[in-house]
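Coordinates from data.txt are shown below (compact mmCIF, C-alpha atoms).
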# COMPACT_ATOMS: atom_id res chain seq x y z
CA MET A 15 53.83 85.86 91.22
CA GLN A 16 51.52 85.29 88.27
CA ALA A 17 49.38 82.26 87.73
CA SER A 18 46.43 81.26 85.62
CA ALA A 19 43.20 79.98 87.03
CA PRO A 20 40.12 78.88 85.09
CA LEU A 21 37.23 81.36 85.15
CA ASP A 22 34.76 78.77 83.92
CA ALA A 23 34.71 75.89 81.51
CA ALA A 24 33.49 78.00 78.60
CA GLY A 25 35.70 81.07 78.94
CA PRO A 26 39.42 81.67 78.63
CA ALA A 27 41.59 81.47 81.73
CA PRO A 28 42.18 84.94 83.18
CA VAL A 29 45.62 86.14 84.16
CA VAL A 30 45.81 86.01 87.94
CA GLU A 31 48.38 87.93 89.94
CA VAL A 32 48.84 86.86 93.55
CA ARG A 33 50.03 89.53 95.96
CA ARG A 34 51.34 88.34 99.31
CA SER A 35 51.29 90.78 102.21
CA ARG A 36 52.88 90.53 105.65
CA ARG A 37 50.34 93.07 106.96
CA ARG A 38 47.43 90.90 105.87
CA ALA A 39 46.70 88.52 108.75
CA ARG A 40 43.65 86.49 107.71
CA THR A 41 41.72 88.24 104.97
CA VAL A 42 41.82 87.43 101.28
CA SER A 43 40.50 89.85 98.67
CA ALA A 44 40.29 89.93 94.90
CA TRP A 45 39.54 92.50 92.21
CA ARG A 46 39.98 93.13 88.51
CA GLU A 47 42.73 95.50 87.42
CA GLY A 48 43.74 96.20 83.83
CA GLY A 49 42.56 92.87 82.42
CA ARG A 50 44.06 90.87 85.29
CA THR A 51 42.61 89.39 88.44
CA ILE A 52 44.50 90.43 91.55
CA VAL A 53 44.24 88.16 94.61
CA ALA A 54 45.75 89.52 97.84
CA ILE A 55 46.59 86.88 100.45
CA PRO A 56 48.52 86.73 103.74
CA ALA A 57 52.25 86.11 103.23
CA ARG A 58 52.09 83.09 105.58
CA PHE A 59 49.80 81.07 103.25
CA THR A 60 51.25 77.83 101.91
CA ARG A 61 51.20 77.15 98.16
CA ALA A 62 48.25 74.80 98.69
CA GLN A 63 46.33 77.51 100.55
CA GLU A 64 47.23 79.97 97.81
CA ARG A 65 45.84 77.64 95.09
CA GLU A 66 42.68 77.02 97.13
CA TRP A 67 42.03 80.71 97.78
CA VAL A 68 42.87 81.85 94.25
CA GLY A 69 40.32 79.36 92.91
CA ARG A 70 37.68 80.50 95.42
CA MET A 71 38.23 84.19 94.78
CA VAL A 72 38.28 83.88 90.98
CA GLU A 73 34.96 82.01 91.13
CA ARG A 74 33.53 84.55 93.59
CA LEU A 75 34.43 87.42 91.25
CA ALA A 76 32.92 85.56 88.30
CA ALA A 77 29.70 84.97 90.27
CA GLN A 78 29.50 88.67 91.18
CA GLU A 79 29.99 89.63 87.56
CA ARG A 80 27.29 87.20 86.40
CA ARG A 81 24.86 88.77 88.90
CA ARG A 82 25.77 92.26 87.67
CA ARG A 83 25.47 91.35 83.97
CA PRO A 84 22.18 89.49 83.67
CA SER A 85 20.94 88.14 80.35
CA ASP A 86 17.92 89.59 78.55
CA ALA A 87 15.79 86.79 80.03
CA GLN A 88 17.04 87.66 83.50
CA LEU A 89 16.24 91.34 82.83
CA VAL A 90 12.65 90.36 82.01
CA ALA A 91 12.40 88.32 85.21
CA ARG A 92 13.87 91.14 87.29
CA ALA A 93 11.54 93.72 85.69
CA THR A 94 8.57 91.48 86.47
CA GLU A 95 9.66 91.17 90.10
CA LEU A 96 10.25 94.93 90.44
CA SER A 97 6.86 95.71 88.89
CA ARG A 98 5.18 93.33 91.32
CA ARG A 99 7.04 94.67 94.36
CA TYR A 100 6.95 98.42 93.70
CA LEU A 101 4.25 99.05 91.10
CA GLY A 102 1.62 96.53 92.12
CA GLY A 103 2.33 94.44 89.02
CA ARG A 104 0.67 97.08 86.82
CA ALA A 105 3.68 97.64 84.53
CA VAL A 106 3.87 94.69 82.13
CA PRO A 107 6.42 95.17 79.36
CA THR A 108 6.26 93.18 76.14
CA SER A 109 10.07 93.00 76.08
CA VAL A 110 13.07 94.07 78.13
CA ARG A 111 16.54 93.83 76.63
CA TRP A 112 20.05 95.23 76.73
CA SER A 113 20.86 97.80 74.06
CA SER A 114 24.18 99.16 72.83
CA ASN A 115 22.71 102.19 71.03
CA GLN A 116 21.25 104.25 73.86
CA GLY A 117 23.60 107.19 73.35
CA ARG A 118 23.62 109.14 76.60
CA ARG A 119 20.48 107.45 77.95
CA TRP A 120 20.57 104.78 80.66
CA GLY A 121 17.38 103.26 79.31
CA SER A 122 14.37 103.93 77.14
CA CYS A 123 10.77 102.88 76.94
CA THR A 124 8.22 102.89 74.13
CA PRO A 125 4.91 102.83 76.03
CA SER A 126 2.82 102.27 72.89
CA GLU A 127 4.73 99.04 72.20
CA GLY A 128 5.53 98.13 75.80
CA THR A 129 9.23 97.76 75.03
CA ILE A 130 12.08 98.62 77.38
CA ARG A 131 15.74 98.87 76.43
CA ILE A 132 18.50 99.20 79.03
CA SER A 133 21.87 100.63 78.04
CA ASP A 134 24.63 98.07 78.21
CA ARG A 135 26.62 100.74 80.08
CA VAL A 136 24.51 99.81 83.13
CA GLN A 137 25.98 96.30 83.07
CA GLY A 138 28.34 95.88 85.99
CA MET A 139 26.79 98.70 88.02
CA PRO A 140 25.43 97.82 91.47
CA ARG A 141 22.13 95.94 91.41
CA TRP A 142 20.23 98.77 93.13
CA VAL A 143 21.23 101.05 90.24
CA LEU A 144 20.07 98.55 87.60
CA ASP A 145 16.85 98.11 89.60
CA TYR A 146 16.29 101.88 89.57
CA VAL A 147 16.83 102.09 85.79
CA LEU A 148 14.43 99.20 85.25
CA LEU A 149 11.83 100.75 87.57
CA HIS A 150 12.23 104.13 85.88
CA GLU A 151 11.44 102.58 82.51
CA LEU A 152 8.64 100.43 83.96
CA ALA A 153 7.08 103.59 85.43
CA HIS A 154 7.03 105.04 81.91
CA LEU A 155 4.64 102.25 80.91
CA LEU A 156 2.25 103.78 83.46
CA GLN A 157 3.17 107.47 83.15
CA PRO A 158 4.82 108.56 79.86
CA GLY A 159 6.26 111.89 81.10
CA HIS A 160 8.33 112.95 84.09
CA GLY A 161 5.58 114.77 85.96
CA GLU A 162 4.49 114.37 89.58
CA ALA A 163 2.49 111.23 88.81
CA PHE A 164 5.59 109.61 87.29
CA TRP A 165 7.75 110.32 90.36
CA ALA A 166 4.93 109.17 92.64
CA GLU A 167 5.16 105.76 90.95
CA LEU A 168 8.82 105.52 92.03
CA ALA A 169 8.21 106.77 95.58
CA GLY A 170 8.22 103.25 97.03
CA TYR A 171 11.71 102.39 95.79
CA PRO A 172 14.11 103.25 98.64
CA HIS A 173 17.21 103.83 96.46
CA THR A 174 15.84 106.29 93.89
CA GLN A 175 17.84 109.34 95.00
CA ARG A 176 20.99 107.32 95.66
CA ALA A 177 20.80 105.66 92.22
CA ARG A 178 20.13 108.96 90.48
CA GLY A 179 23.21 110.43 92.19
CA PHE A 180 25.28 107.41 91.18
CA LEU A 181 24.21 107.74 87.54
CA GLU A 182 24.84 111.52 87.56
CA GLY A 183 28.35 110.84 88.88
CA CYS A 184 28.94 108.26 86.13
CA ALA A 185 27.71 110.71 83.49
CA PHE A 186 29.93 113.47 84.89
CA ALA A 187 32.95 111.17 84.89
CA ARG A 188 32.23 110.16 81.30
CA ASP A 189 31.11 113.46 79.79
CA GLY A 190 32.44 116.15 82.11
CA ALA A 191 30.42 119.11 83.32
CA ASP A 192 27.31 120.19 81.48
CA ASP A 193 28.08 123.82 80.58
CA ASP A 194 24.39 124.73 80.71
CA ALA A 195 23.82 123.36 84.21
CA PRO A 196 24.58 125.50 87.27
CA ASP A 197 27.20 124.21 89.71
CA GLU A 198 24.66 124.35 92.53
CA PRO A 199 20.88 124.16 92.51
CA ALA A 200 19.41 127.67 92.34
CA ASP A 201 17.05 127.08 95.26
CA ASP A 202 19.86 126.15 97.66
CA ASP A 203 21.26 129.68 97.93
CA PRO A 204 20.82 130.53 101.63
CA ASP A 205 21.38 134.27 101.18
CA PRO A 206 20.46 135.42 97.69
CA ALA A 207 21.73 138.79 96.61
CA PRO A 208 19.10 141.53 96.68
CA PRO A 209 17.80 142.62 93.30
CA ALA A 210 19.73 145.43 91.69
CA GLY A 211 18.05 148.78 91.47
Once you've parsed the file, please lay out its structure as structure tokens.
Amino acid sequence: MQASAPLDAAGPAPVVEVRRSRRRARTVSAWREGGRTIVAIPARFTRAQEREWVGRMVERLAAQERRRRPSDAQLVARATELSRRYLGGRAVPTSVRWSSNQGRRWGSCTPSEGTIRISDRVQGMPRWVLDYVLLHELAHLLQPGHGEAFWAELAGYPHTQRARGFLEGCAFARDGADDDAPDEPADDDPDPAPPAG
């Protein structure tokens, strides 16, 4: 069954597909798929319950997407909060904004101007990933390079390694393997071959 449900007053109504399942006892779930919103409900739901839950789930998805796609003003507020929490409030950018021309970068910082730009490709990623990208660029306001002092600035953020892995996976999915990079880190070889000669 297909139905339309309003996303919000300002936007167009999304196409909603309702999938009834006999195996689904009580749970309702929703996700985006190919430009449609899919709402999975128990087969036993009445039409009134279906309408109620479709409306709830469409709004819940929209709220999640709004949280994952903050405005430039919200980026500034989040950067300020992250600087306070993890960098002692020492990183104070003059501007933080989304950018569509970051190429392969997730973000960039111009320390001399205090400006931070975040790739719009980060929009929709989990919040802890966006937070890492913001913190990474904020740390550049304090440490321009990627030396030990730079990484020490990020040591307090608990999701640094996880976020870096997430972003590397996204880059791999988008760009494929980097032909210059080894498949495994060189220092992880437990039994290196003896030198020839």
- Query: Quick one: of A:Glu162, A:Gln78, A:Leu148, A:Asp134, who's nearest to A:Ser109, counting all atoms listed in the file?
  - Reply: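 Ranked by minimum distance to A:Ser109, first place goes to A:Leu148.
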Can you list, as a PDB file with C-alpha atoms, in the frame of the given file, every protein, DNA or RNA residue that comes within 9 Å of A:Met139 when you count all atoms listed in the file, leaving out same-chain residues fewer than 4 positions away?
ATOM      1  CA  ARG A  82      25.770  92.260  87.670  1.00  0.00           C
ATOM      2  CA  ARG A  83      25.470  91.350  83.970  1.00  0.00           C
ATOM      3  CA  ARG A 135      26.620 100.740  80.080  1.00  0.00           C
ATOM      4  CA  VAL A 143      21.230 101.050  90.240  1.00  0.00           C
ATOM      5  CA  LEU A 144      20.070  98.550  87.600  1.00  0.00           C
TER       6      LEU A 144
END
- Selection near A:Leu152, 8 Å with all atoms listed in the file, sequence-local residues under 6 positions removed, as JSON, numbers by chain: {"A": [93, 97, 105, 106, 107, 123, 130]}
Hey, can you spit out that residue selection with C-alpha atoms as an mmCIF file, in the frame of the given file?
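Now in selection-v2.cif:
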data_model
loop_
_atom_site.group_PDB
_atom_site.id
_atom_site.type_symbol
_atom_site.label_atom_id
_atom_site.label_comp_id
_atom_site.auth_asym_id
_atom_site.auth_seq_id
_atom_site.Cartn_x
_atom_site.Cartn_y
_atom_site.Cartn_z
ATOM 1 C CA ALA A 93 11.540 93.720 85.690
ATOM 2 C CA SER A 97 6.860 95.710 88.890
ATOM 3 C CA ALA A 105 3.680 97.640 84.530
ATOM 4 C CA VAL A 106 3.870 94.690 82.130
ATOM 5 C CA PRO A 107 6.420 95.170 79.360
ATOM 6 C CA CYS A 123 10.770 102.880 76.940
ATOM 7 C CA ILE A 130 12.080 98.620 77.380
#
- Item | Who sits within 7 Å of stretch 67-74 of chain A, all atoms listed in the file, same chain under 2 positions skipped, as a list in words |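 Here the qualifying residues turn out to be Ala19, Leu21, Ala44, Val53, Gln63, Glu64, Arg65, Ala76, Ala77 and Gln78 of chain A.
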- Message: Using Å and a single decimal, report how far atom CA of A:Ala87 sits from atom CA of A:Phe164.
- Response: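 Taking atom CA of A:Phe164 and atom CA of A:Ala87, their separation equals 26.0 Å.
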- Rank A:Trp120, A:Phe186, A:Phe59, A:Trp45 by their smallest atom-to-atom distance to A:Leu149, using all atoms listed in the file, and report the top residue only.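 Of A:Trp120, A:Phe186, A:Phe59, A:Trp45, the one nearest A:Leu149, counting all atoms listed in the file, is A:Trp120.
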- Query: Using all atoms listed in the file, which of the listed residues (A:Val90, A:Val110, A:Val147, A:Val30) sits closest to A:Phe180?
  - Reply: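 Closest residue, counting all atoms listed in the file: A:Val147.
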- Query: Which residues, written as a ChimeraX atom specification, have at least one atom at most 6 Å from A:Ser113, with only C-alpha atoms counted and residues fewer than 3 positions away on the same chain left out?
  - Reply: /A:131-134
Could you write those residues out with C-alpha atoms, as a PDB file, in the frame of the given file?
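Printed below is part-v3.pdb as written:
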ATOM      1  CA  ARG A 131      15.740  98.870  76.430  1.00  0.00           C
ATOM      2  CA  ILE A 132      18.500  99.200  79.030  1.00  0.00           C
ATOM      3  CA  SER A 133      21.870 100.630  78.040  1.00  0.00           C
ATOM      4  CA  ASP A 134      24.630  98.070  78.210  1.00  0.00           C
TER       5      ASP A 134
END
Please write a file for stretch 148-167 of chain A, taken from the block I just shared, that holds N, CA, C and O atoms and is laid out as a PDB file, in the first residue's frame.
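Saved the output as out-v4.pdb:
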ATOM      1  N   LEU A 148      34.312  18.362  13.440  1.00  0.00           N
ATOM      2  CA  LEU A 148      34.361  19.707  14.017  1.00  0.00           C
ATOM      3  C   LEU A 148      35.544  19.853  14.973  1.00  0.00           C
ATOM      4  O   LEU A 148      36.293  20.826  14.905  1.00  0.00           O
ATOM      5  N   LEU A 149      35.723  18.880  15.858  1.00  0.00           N
ATOM      6  CA  LEU A 149      36.843  18.933  16.807  1.00  0.00           C
ATOM      7  C   LEU A 149      38.182  18.917  16.093  1.00  0.00           C
ATOM      8  O   LEU A 149      39.118  19.620  16.494  1.00  0.00           O
ATOM      9  N   HIS A 150      38.303  18.115  15.046  1.00  0.00           N
ATOM     10  CA  HIS A 150      39.535  18.049  14.271  1.00  0.00           C
ATOM     11  C   HIS A 150      39.892  19.442  13.747  1.00  0.00           C
ATOM     12  O   HIS A 150      41.035  19.896  13.886  1.00  0.00           O
ATOM     13  N   GLU A 151      38.900  20.118  13.173  1.00  0.00           N
ATOM     14  CA  GLU A 151      39.157  21.447  12.626  1.00  0.00           C
ATOM     15  C   GLU A 151      39.368  22.470  13.736  1.00  0.00           C
ATOM     16  O   GLU A 151      40.205  23.372  13.601  1.00  0.00           O
ATOM     17  N   LEU A 152      38.649  22.349  14.841  1.00  0.00           N
ATOM     18  CA  LEU A 152      38.876  23.240  15.982  1.00  0.00           C
ATOM     19  C   LEU A 152      40.301  23.079  16.515  1.00  0.00           C
ATOM     20  O   LEU A 152      40.956  24.064  16.872  1.00  0.00           O
ATOM     21  N   ALA A 153      40.782  21.833  16.567  1.00  0.00           N
ATOM     22  CA  ALA A 153      42.147  21.582  17.050  1.00  0.00           C
ATOM     23  C   ALA A 153      43.172  22.265  16.150  1.00  0.00           C
ATOM     24  O   ALA A 153      44.239  22.672  16.618  1.00  0.00           O
ATOM     25  N   HIS A 154      42.854  22.414  14.859  1.00  0.00           N
ATOM     26  CA  HIS A 154      43.772  23.115  13.956  1.00  0.00           C
ATOM     27  C   HIS A 154      43.883  24.604  14.286  1.00  0.00           C
ATOM     28  O   HIS A 154      44.872  25.241  13.917  1.00  0.00           O
ATOM     29  N   LEU A 155      42.899  25.163  14.955  1.00  0.00           N
ATOM     30  CA  LEU A 155      43.028  26.551  15.406  1.00  0.00           C
ATOM     31  C   LEU A 155      44.098  26.669  16.487  1.00  0.00           C
ATOM     32  O   LEU A 155      44.694  27.726  16.667  1.00  0.00           O
ATOM     33  N   LEU A 156      44.357  25.559  17.188  1.00  0.00           N
ATOM     34  CA  LEU A 156      45.351  25.531  18.259  1.00  0.00           C
ATOM     35  C   LEU A 156      46.684  24.959  17.797  1.00  0.00           C
ATOM     36  O   LEU A 156      47.744  25.386  18.266  1.00  0.00           O
ATOM     37  N   GLN A 157      46.627  23.992  16.893  1.00  0.00           N
ATOM     38  CA  GLN A 157      47.820  23.308  16.382  1.00  0.00           C
ATOM     39  C   GLN A 157      47.656  23.150  14.867  1.00  0.00           C
ATOM     40  O   GLN A 157      46.875  22.313  14.425  1.00  0.00           O
ATOM     41  N   PRO A 158      48.359  23.927  14.044  1.00  0.00           N
ATOM     42  CA  PRO A 158      48.134  23.893  12.600  1.00  0.00           C
ATOM     43  C   PRO A 158      48.455  22.554  11.926  1.00  0.00           C
ATOM     44  O   PRO A 158      47.789  22.177  10.984  1.00  0.00           O
ATOM     45  N   GLY A 159      49.443  21.820  12.381  1.00  0.00           N
ATOM     46  CA  GLY A 159      49.820  20.570  11.720  1.00  0.00           C
ATOM     47  C   GLY A 159      49.147  19.363  12.337  1.00  0.00           C
ATOM     48  O   GLY A 159      48.213  19.476  13.131  1.00  0.00           O
ATOM     49  N   HIS A 160      49.633  18.177  11.958  1.00  0.00           N
ATOM     50  CA  HIS A 160      49.111  16.923  12.492  1.00  0.00           C
ATOM     51  C   HIS A 160      50.146  16.213  13.366  1.00  0.00           C
ATOM     52  O   HIS A 160      50.202  14.989  13.388  1.00  0.00           O
ATOM     53  N   GLY A 161      50.938  16.971  14.080  1.00  0.00           N
ATOM     54  CA  GLY A 161      51.955  16.386  14.947  1.00  0.00           C
ATOM     55  C   GLY A 161      51.363  15.878  16.256  1.00  0.00           C
ATOM     56  O   GLY A 161      50.145  15.847  16.461  1.00  0.00           O
ATOM     57  N   GLU A 162      52.259  15.475  17.156  1.00  0.00           N
ATOM     58  CA  GLU A 162      51.835  14.924  18.446  1.00  0.00           C
ATOM     59  C   GLU A 162      50.978  15.900  19.235  1.00  0.00           C
ATOM     60  O   GLU A 162      50.001  15.503  19.872  1.00  0.00           O
ATOM     61  N   ALA A 163      51.326  17.177  19.208  1.00  0.00           N
ATOM     62  CA  ALA A 163      50.557  18.177  19.954  1.00  0.00           C
ATOM     63  C   ALA A 163      49.127  18.284  19.428  1.00  0.00           C
ATOM     64  O   ALA A 163      48.183  18.455  20.201  1.00  0.00           O
ATOM     65  N   PHE A 164      48.976  18.151  18.105  1.00  0.00           N
ATOM     66  CA  PHE A 164      47.635  18.181  17.512  1.00  0.00           C
ATOM     67  C   PHE A 164      46.802  17.023  18.040  1.00  0.00           C
ATOM     68  O   PHE A 164      45.683  17.209  18.507  1.00  0.00           O
ATOM     69  N   TRP A 165      47.342  15.802  17.966  1.00  0.00           N
ATOM     70  CA  TRP A 165      46.584  14.621  18.398  1.00  0.00           C
ATOM     71  C   TRP A 165      46.341  14.636  19.897  1.00  0.00           C
ATOM     72  O   TRP A 165      45.325  14.121  20.371  1.00  0.00           O
ATOM     73  N   ALA A 166      47.230  15.258  20.653  1.00  0.00           N
ATOM     74  CA  ALA A 166      47.025  15.388  22.094  1.00  0.00           C
ATOM     75  C   ALA A 166      45.786  16.245  22.382  1.00  0.00           C
ATOM     76  O   ALA A 166      45.068  16.005  23.361  1.00  0.00           O
ATOM     77  N   GLU A 167      45.542  17.239  21.530  1.00  0.00           N
ATOM     78  CA  GLU A 167      44.348  18.074  21.702  1.00  0.00           C
ATOM     79  C   GLU A 167      43.064  17.250  21.572  1.00  0.00           C
ATOM     80  O   GLU A 167      42.063  17.539  22.217  1.00  0.00           O
TER      81      GLU A 167
END
